[in-house]
>>> print(open('entry-v3.pdb').read())   # PDB, C-alpha atoms
ATOM      1  CA  MET L   1       0.000   0.000   0.000
ATOM      2  CA  SER L   2       1.446   3.368  -0.913
ATOM      3  CA  VAL L   3       1.855   6.306   1.445
ATOM      4  CA  GLY L   4      -0.586   8.291  -0.667
ATOM      5  CA  LYS L   5      -3.280   5.631  -0.439
ATOM      6  CA  LEU L   6      -2.724   5.274   3.307
ATOM      7  CA  ALA L   7      -3.079   8.987   3.872
ATOM      8  CA  ASP L   8      -5.944   9.262   1.409
ATOM      9  CA  GLY L   9      -9.226  10.133   3.051
ATOM     10  CA  LEU L  10      -7.605  10.524   6.471
ATOM     11  CA  PRO L  11      -7.268  13.913   8.134
ATOM     12  CA  VAL L  12      -3.532  13.431   8.492
ATOM     13  CA  SER L  13      -0.739  14.747   6.332
ATOM     14  CA  ARG L  14       1.426  12.584   4.072
ATOM     15  CA  PRO L  15       4.594  13.630   5.945
ATOM     16  CA  ALA L  16       3.043  12.384   9.205
ATOM     17  CA  VAL L  17       2.198   9.068   7.560
ATOM     18  CA  SER L  18       5.725   8.796   6.177
ATOM     19  CA  GLN L  19       7.181   9.567   9.599
ATOM     20  CA  HIS L  20       5.116   6.844  11.239
ATOM     21  CA  LEU L  21       6.062   4.341   8.544
ATOM     22  CA  LYS L  22       9.746   5.143   9.114
ATOM     23  CA  VAL L  23       9.391   4.196  12.797
ATOM     24  CA  LEU L  24       7.721   0.916  11.833
ATOM     25  CA  LEU L  25      10.416   0.319   9.203
ATOM     26  CA  ASP L  26      13.224   0.949  11.700
ATOM     27  CA  ALA L  27      11.609  -1.515  14.090
ATOM     28  CA  GLY L  28      11.526  -4.148  11.343
ATOM     29  CA  LEU L  29       7.748  -4.357  11.523
ATOM     30  CA  VAL L  30       7.013  -3.210   7.980
ATOM     31  CA  SER L  31       9.013  -3.676   4.804
ATOM     32  CA  VAL L  32       9.098  -1.396   1.777
ATOM     33  CA  ARG L  33       9.648  -1.846  -1.938
ATOM     34  CA  GLN L  34       9.973   0.670  -4.707
ATOM     35  CA  GLU L  35       7.541   0.522  -7.629
ATOM     36  CA  GLY L  36       8.266   3.279 -10.105
ATOM     37  CA  THR L  37       7.955   6.504  -8.185
ATOM     38  CA  ARG L  38       5.975   4.912  -5.353
ATOM     39  CA  ARG L  39       7.190   3.252  -2.165
ATOM     40  CA  LEU L  40       4.881   0.403  -1.143
ATOM     41  CA  TYR L  41       4.735  -0.725   2.488
ATOM     42  CA  GLN L  42       3.587  -4.008   3.963
ATOM     43  CA  VAL L  43       3.710  -5.675   7.368
ATOM     44  CA  ASP L  44       6.961  -7.658   7.673
ATOM     45  CA  PRO L  45       6.621 -11.126   9.185
ATOM     46  CA  ARG L  46      10.409 -11.353   9.327
ATOM     47  CA  GLY L  47      10.626  -8.845  12.216
ATOM     48  CA  VAL L  48      10.852 -11.608  14.815
ATOM     49  CA  GLU L  49      13.423 -13.550  12.781
ATOM     50  CA  ALA L  50      15.499 -10.392  12.410
ATOM     51  CA  MET L  51      15.511 -10.020  16.192
ATOM     52  CA  ARG L  52      16.472 -13.689  16.548
ATOM     53  CA  ASP L  53      19.356 -13.230  14.089
ATOM     54  CA  TYR L  54      20.560 -10.226  16.058
ATOM     55  CA  LEU L  55      20.451 -12.130  19.360
ATOM     56  CA  ASP L  56      22.175 -15.120  17.749
ATOM     57  CA  ARG L  57      25.137 -12.903  16.861
ATOM     58  CA  PHE L  58      24.995 -10.864  20.043
ATOM     59  CA  TRP L  59      25.170 -13.804  22.481
ATOM     60  CA  ASP L  60      28.241 -15.136  20.602
ATOM     61  CA  ARG L  61      29.997 -11.822  21.314
ATOM     62  CA  ALA L  62      28.799 -11.630  24.891
ATOM     63  CA  LEU L  63      29.927 -15.159  25.808
ATOM     64  CA  ALA L  64      33.319 -14.622  24.128
ATOM     65  CA  ALA L  65      33.721 -11.518  26.291
ATOM     66  CA  LEU L  66      32.711 -13.500  29.418
ATOM     67  CA  LYS L  67      35.315 -16.152  28.581
ATOM     68  CA  ARG L  68      38.066 -13.540  28.126
ATOM     69  CA  ALA L  69      37.233 -11.830  31.414
ATOM     70  CA  ALA L  70      36.899 -15.041  33.441
ATOM     71  CA  GLU L  71      40.121 -16.550  32.097
ATOM     72  CA  THR L  72      42.128 -13.308  32.430
ATOM     73  CA  GLU L  73      40.983 -12.740  35.999
ATOM     74  CA  HIS L  74      41.706 -16.356  36.875
ATOM     75  CA  GLY L  75      45.144 -16.114  35.346
ATOM     76  CA  ALA L  76      44.487 -18.924  32.864
TER      77      ALA L  76
ATOM     78  CA  MET U  77      -7.233 -12.042  20.574
ATOM     79  CA  THR U  78      -3.623 -11.954  19.451
ATOM     80  CA  THR U  79      -2.414 -15.054  17.638
ATOM     81  CA  MET U  80       1.303 -15.739  18.003
ATOM     82  CA  ALA U  81       3.292 -16.881  15.022
ATOM     83  CA  ALA U  82       4.483 -20.516  15.055
ATOM     84  CA  THR U  83       7.109 -20.987  17.776
ATOM     85  CA  VAL U  84      10.452 -19.415  16.909
ATOM     86  CA  GLN U  85      13.570 -21.498  17.616
ATOM     87  CA  PRO U  86      15.408 -20.388  20.796
ATOM     88  CA  VAL U  87      18.962 -19.111  20.477
ATOM     89  CA  ARG U  88      21.343 -21.672  22.025
ATOM     90  CA  LYS U  89      25.017 -21.028  22.692
ATOM     91  CA  GLN U  90      27.853 -22.773  24.501
ATOM     92  CA  VAL U  91      31.304 -21.651  25.557
ATOM     93  CA  THR U  92      34.034 -23.538  27.433
ATOM     94  CA  ILE U  93      36.011 -21.485  29.937
ATOM     95  CA  ASN U  94      39.303 -22.460  31.530
ATOM     96  CA  ALA U  95      38.385 -21.411  35.047
ATOM     97  CA  PRO U  96      36.466 -22.978  37.966
ATOM     98  CA  ARG U  97      32.676 -22.792  37.960
ATOM     99  CA  ALA U  98      32.241 -20.614  41.064
ATOM    100  CA  HIS U  99      34.676 -18.091  39.608
ATOM    101  CA  VAL U 100      32.902 -18.022  36.236
ATOM    102  CA  PHE U 101      29.516 -17.542  37.927
ATOM    103  CA  ASN U 102      30.927 -14.679  40.004
ATOM    104  CA  VAL U 103      32.428 -13.001  36.965
ATOM    105  CA  PHE U 104      29.062 -13.312  35.181
ATOM    106  CA  VAL U 105      27.059 -11.589  37.918
ATOM    107  CA  ASP U 106      29.335  -9.627  40.280
ATOM    108  CA  GLY U 107      31.787  -8.909  37.457
ATOM    109  CA  TYR U 108      29.057  -8.103  34.914
ATOM    110  CA  ASP U 109      30.275  -4.557  34.439
ATOM    111  CA  ARG U 110      33.722  -5.868  33.483
ATOM    112  CA  TRP U 111      32.673  -8.090  30.553
ATOM    113  CA  TRP U 112      29.324  -6.975  29.105
ATOM    114  CA  PRO U 113      29.901  -5.333  25.638
ATOM    115  CA  ARG U 114      29.706  -1.673  26.604
ATOM    116  CA  GLU U 115      28.112  -0.441  23.388
ATOM    117  CA  HIS U 116      25.126  -2.682  24.127
ATOM    118  CA  HIS U 117      22.821  -0.387  26.075
ATOM    119  CA  ILE U 118      19.656   1.554  25.329
ATOM    120  CA  GLY U 119      20.370   4.819  27.118
ATOM    121  CA  LYS U 120      20.748   8.236  25.541
ATOM    122  CA  ALA U 121      23.879   9.020  27.585
ATOM    123  CA  PRO U 122      26.983   6.805  27.749
ATOM    124  CA  PRO U 123      26.810   3.987  30.313
ATOM    125  CA  THR U 124      28.598   4.182  33.657
ATOM    126  CA  LYS U 125      27.760   0.799  35.190
ATOM    127  CA  PHE U 126      26.122  -2.463  34.087
ATOM    128  CA  ILE U 127      24.408  -4.231  36.975
ATOM    129  CA  ILE U 128      22.767  -7.570  37.734
ATOM    130  CA  GLU U 129      21.595  -7.554  41.361
ATOM    131  CA  PRO U 130      22.741 -10.902  42.801
ATOM    132  CA  ARG U 131      19.410 -12.309  44.065
ATOM    133  CA  GLN U 132      16.058 -13.707  42.964
ATOM    134  CA  GLY U 133      14.087 -10.804  41.494
ATOM    135  CA  GLY U 134      17.255  -8.713  41.313
ATOM    136  CA  ARG U 135      17.224  -5.878  38.817
ATOM    137  CA  TRP U 136      19.186  -6.088  35.520
ATOM    138  CA  TYR U 137      19.940  -2.509  34.518
ATOM    139  CA  THR U 138      22.423   0.116  33.390
ATOM    140  CA  THR U 139      23.323   3.494  34.884
ATOM    141  CA  HIS U 140      24.305   6.388  32.634
ATOM    142  CA  GLU U 141      26.452   9.512  32.731
ATOM    143  CA  ASP U 142      23.406  11.787  32.880
ATOM    144  CA  GLY U 143      22.192  10.086  36.081
ATOM    145  CA  SER U 144      19.497   8.065  34.319
ATOM    146  CA  GLU U 145      18.953   4.300  34.502
ATOM    147  CA  THR U 146      17.726   1.954  31.779
ATOM    148  CA  ASN U 147      16.263  -1.478  32.499
ATOM    149  CA  THR U 148      17.020  -4.662  30.609
ATOM    150  CA  GLY U 149      15.066  -7.027  32.870
ATOM    151  CA  TYR U 150      15.479  -8.941  36.121
ATOM    152  CA  VAL U 151      16.632 -12.209  37.726
ATOM    153  CA  LEU U 152      13.976 -14.926  37.338
ATOM    154  CA  ALA U 153      15.941 -17.777  38.940
ATOM    155  CA  TRP U 154      18.966 -17.511  41.223
ATOM    156  CA  ASP U 155      20.896 -20.763  41.800
ATOM    157  CA  PRO U 156      24.629 -20.120  42.208
ATOM    158  CA  PRO U 157      26.962 -21.462  41.067
ATOM    159  CA  LYS U 158      25.064 -23.672  38.624
ATOM    160  CA  ARG U 159      22.117 -21.764  37.142
ATOM    161  CA  LEU U 160      20.849 -18.276  36.429
ATOM    162  CA  VAL U 161      17.701 -17.308  34.528
ATOM    163  CA  LEU U 162      17.272 -13.712  33.427
ATOM    164  CA  ALA U 163      14.167 -12.020  32.038
ATOM    165  CA  TRP U 164      15.047 -10.026  28.906
ATOM    166  CA  GLN U 165      12.375  -7.358  28.569
ATOM    167  CA  LEU U 166      13.529  -5.326  25.591
ATOM    168  CA  ARG U 167      11.323  -5.358  22.510
ATOM    169  CA  ALA U 168      12.552  -5.676  18.919
ATOM    170  CA  ASP U 169      12.606  -1.878  18.744
ATOM    171  CA  TRP U 170      14.799  -1.836  21.913
ATOM    172  CA  SER U 171      12.142  -0.249  24.097
ATOM    173  CA  PHE U 172      11.766  -1.684  27.627
ATOM    174  CA  ASP U 173       8.412  -3.429  28.101
ATOM    175  CA  PRO U 174       7.585  -4.491  31.682
ATOM    176  CA  GLU U 175       4.898  -6.825  30.294
ATOM    177  CA  LEU U 176       7.345  -8.670  28.017
ATOM    178  CA  VAL U 177       9.363 -11.568  29.442
ATOM    179  CA  THR U 178      11.706 -13.619  27.271
ATOM    180  CA  GLU U 179      13.883 -16.002  29.264
ATOM    181  CA  VAL U 180      17.664 -16.265  29.133
ATOM    182  CA  GLU U 181      18.740 -19.435  30.946
ATOM    183  CA  ILE U 182      22.441 -19.820  31.718
ATOM    184  CA  THR U 183      23.857 -23.010  33.241
ATOM    185  CA  PHE U 184      27.386 -23.515  34.535
ATOM    186  CA  THR U 185      28.795 -27.062  34.517
ATOM    187  CA  GLU U 186      32.226 -28.069  35.745
ATOM    188  CA  ARG U 187      33.330 -30.541  33.071
ATOM    189  CA  GLU U 188      36.551 -31.192  34.954
ATOM    190  CA  PRO U 189      38.286 -29.226  37.728
ATOM    191  CA  GLY U 190      39.074 -25.759  36.410
ATOM    192  CA  VAL U 191      37.050 -26.143  33.196
ATOM    193  CA  THR U 192      33.509 -24.734  33.076
ATOM    194  CA  VAL U 193      31.012 -25.211  30.270
ATOM    195  CA  VAL U 194      28.525 -22.338  30.054
ATOM    196  CA  ASP U 195      25.278 -23.061  28.182
ATOM    197  CA  LEU U 196      22.914 -20.236  27.277
ATOM    198  CA  GLU U 197      19.397 -20.452  25.903
ATOM    199  CA  HIS U 198      17.364 -17.371  25.004
ATOM    200  CA  ARG U 199      13.765 -18.535  24.474
ATOM    201  CA  ASP U 200      10.173 -17.293  24.041
ATOM    202  CA  LEU U 201      11.358 -15.289  21.050
ATOM    203  CA  GLU U 202       7.910 -15.474  19.442
ATOM    204  CA  LYS U 203       6.887 -12.940  22.080
ATOM    205  CA  PHE U 204       8.853 -10.295  20.172
ATOM    206  CA  GLY U 205       6.177 -10.762  17.550
ATOM    207  CA  ALA U 206       3.322 -10.187  19.997
ATOM    208  CA  ALA U 207       3.980  -6.478  19.934
ATOM    209  CA  ALA U 208       4.149  -6.698  16.145
ATOM    210  CA  ASP U 209       0.890  -8.700  16.125
ATOM    211  CA  GLU U 210      -0.842  -5.953  18.098
ATOM    212  CA  LEU U 211       0.399  -3.491  15.534
ATOM    213  CA  ARG U 212      -0.595  -5.805  12.672
ATOM    214  CA  LYS U 213      -4.109  -6.125  14.150
ATOM    215  CA  GLY U 214      -4.346  -2.396  14.127
ATOM    216  CA  ILE U 215      -3.020  -2.240  10.582
ATOM    217  CA  ASP U 216      -4.969  -5.118   9.000
ATOM    218  CA  GLY U 217      -7.978  -5.370  11.241
ATOM    219  CA  GLU U 218     -10.976  -3.262  12.043
ATOM    220  CA  GLY U 219     -10.238   0.330  11.236
ATOM    221  CA  GLY U 220      -7.057  -0.717   9.457
ATOM    222  CA  TRP U 221      -4.434   1.960   9.124
ATOM    223  CA  GLY U 222      -6.983   4.483  10.242
ATOM    224  CA  MET U 223      -6.788   3.245  13.834
ATOM    225  CA  ILE U 224      -3.088   4.039  14.135
ATOM    226  CA  LEU U 225      -2.969   7.011  11.857
ATOM    227  CA  GLY U 226      -6.020   8.481  13.537
ATOM    228  CA  ARG U 227      -3.759   9.275  16.474
ATOM    229  CA  PHE U 228      -1.531  11.255  14.164
ATOM    230  CA  ALA U 229      -4.604  13.134  13.009
ATOM    231  CA  GLU U 230      -5.231  14.173  16.603
ATOM    232  CA  GLU U 231      -1.598  15.201  17.016
ATOM    233  CA  ALA U 232      -1.609  17.083  13.726
ATOM    234  CA  ALA U 233      -4.804  18.890  14.737
ATOM    235  CA  ARG U 234      -3.171  19.936  18.021
ATOM    236  CA  GLN U 235      -0.163  21.503  16.294
TER     237      GLN U 235
END
>>> encode(input="entry-v3.pdb", output="structure tokens")
Amino acid sequence: MSVGKLADGLPVSRPAVSQHLKVLLDAGLVSVRQEGTRRLYQVDPRGVEAMRDYLDRFWDRALAALKRAAETEHGA
Amino acid sequence: MTTMAATVQPVRKQVTINAPRAHVFNVFVDGYDRWWPREHHIGKAPPTKFIIEPRQGGRWYTTHEDGSETNTGYVLAWDPPKRLVLAWQLRADWSFDPELVTEVEITFTEREPGVTVVDLEHRDLEKFGAAADELRKGIDGEGGWGMILGRFAEEAARQ
């Protein structure tokens, strides 16, 4: 659905709609694709998977840091 | 009624540490500020201290240079030196949600003297989608986009 169509008929400006969509986009809850001059938005079911991917990488880093600290402080 | 997506696989990790179990557990909790990746916080100001309060129900939070505190969650299960379960309460957009609980279970096993295996499981990840489902309901359901954007109309009218 395009920004124009979303805003159409609603007493809210297109910039406000675009601003809201940006927040949803940043949160990984909607995705966007370009079609000609229009940007089309839809709800993104991958939002949860994106969070899972992030945590999968994050916990690797965190546990590596735990290992370094524990071994250094133990004098291993 | 919100319908959750099909269960999302938990994140499971393991690391082997050349140090005794009690020491590793202590470093995890009491030494938390010394190992947690310091860029990983949700405050506006730089972090000063990362804290896990060492008890059941203990707070899991960060203090910042501007005097503020940001919460990550709390201690669900306290069982030193073998087990710790933390509630991770940050949504996919990194906002703290006191209603959201995803569990991070960490177990500490002494494989042999001086060698500790740490297992971590971060589960209930489908709950990150519950907030998205609420939003999706608002977007796709009754009132559609109008329900959410209606609030912007009110804001716009105020300005």
>>> resolve_selection(input="entry-v3.pdb", expression="the PyMOL selection byres ((chain L and resi 18) around 12)", output="number ranges by chain")
L: 2-7, 12-17, 19-25, 32, 39-41; U: 225, 228
>>> resolve_selection(input="entry-v3.pdb", expression="the PyMOL selection byres ((chain U and resi 148) around 8)", output="PDB file with C-alpha atoms, keeping the file's coordinate frame")
ATOM      1  CA  TRP U 136      19.186  -6.088  35.520  1.00  0.00           C
ATOM      2  CA  TYR U 137      19.940  -2.509  34.518  1.00  0.00           C
ATOM      3  CA  THR U 138      22.423   0.116  33.390  1.00  0.00           C
ATOM      4  CA  THR U 146      17.726   1.954  31.779  1.00  0.00           C
ATOM      5  CA  ASN U 147      16.263  -1.478  32.499  1.00  0.00           C
ATOM      6  CA  GLY U 149      15.066  -7.027  32.870  1.00  0.00           C
ATOM      7  CA  TYR U 150      15.479  -8.941  36.121  1.00  0.00           C
ATOM      8  CA  TRP U 164      15.047 -10.026  28.906  1.00  0.00           C
ATOM      9  CA  GLN U 165      12.375  -7.358  28.569  1.00  0.00           C
ATOM     10  CA  LEU U 166      13.529  -5.326  25.591  1.00  0.00           C
ATOM     11  CA  PHE U 172      11.766  -1.684  27.627  1.00  0.00           C
TER      12      PHE U 172
END
>>> atom_distance(input="entry-v3.pdb", atom1="atom CA of Leu160 of chain U", atom2="atom CA of Ala121 of chain U")
28.9 Å
>>> resolve_selection(input="entry-v3.pdb", expression="the PyMOL selection byres ((chain L and resi 56) around 12)", output="PyMOL selection string")
(chain L and resi 49-55+57-63) or (chain U and resi 85-90+196-199+201)
>>> atom_distance(input="entry-v3.pdb", atom1="atom CA of Ala153 of chain U", atom2="atom CA of Phe104 of chain U")
14.4 Å
>>> residues_around(input="entry-v3.pdb", residues="Asp106 of chain U", least_positions_apart="3", cutoff="9 Å", atoms="all atoms listed in the file", output="MDAnalysis selection string")
chainID U and resid 101:103 109:110 127:130
>>> axis_aligned_box(input="entry-v3.pdb", around="segment 47-58 of chain L", padding_each_side="5 Å", output="lines of an AutoDock Vina configuration file")
center_x = 17.9
center_y = -12.0
center_z = 16.1
size_x = 24.5
size_y = 16.3
size_z = 17.8
>>> atom_distance(input="entry-v3.pdb", atom1="atom CA of Asp200 of chain U", atom2="atom CA of Arg97 of chain U")
27.0 Å
>>> closest_residue(input="entry-v3.pdb", among="L:Lys67, L:Asp26, L:Arg33, L:Met1", to="Val91 of chain U", atoms="only C-alpha atoms")
L:Lys67
>>> closest_residue(input="entry-v3.pdb", among="U:Asp142, U:Glu115, U:Asp173, U:Asp155", to="chain L", atoms="all atoms listed in the file")
U:Glu115
>>> closest_residue(input="entry-v3.pdb", among="L:Ala64, L:Thr37, L:Val48, L:Asp8", to="Arg167 of chain U", atoms="all atoms listed in the file")
L:Val48
>>> closest_residue(input="entry-v3.pdb", among="U:Gly205, U:Pro174, U:Gly119, U:Pro157", to="chain L", atoms="all atoms listed in the file")
U:Gly205
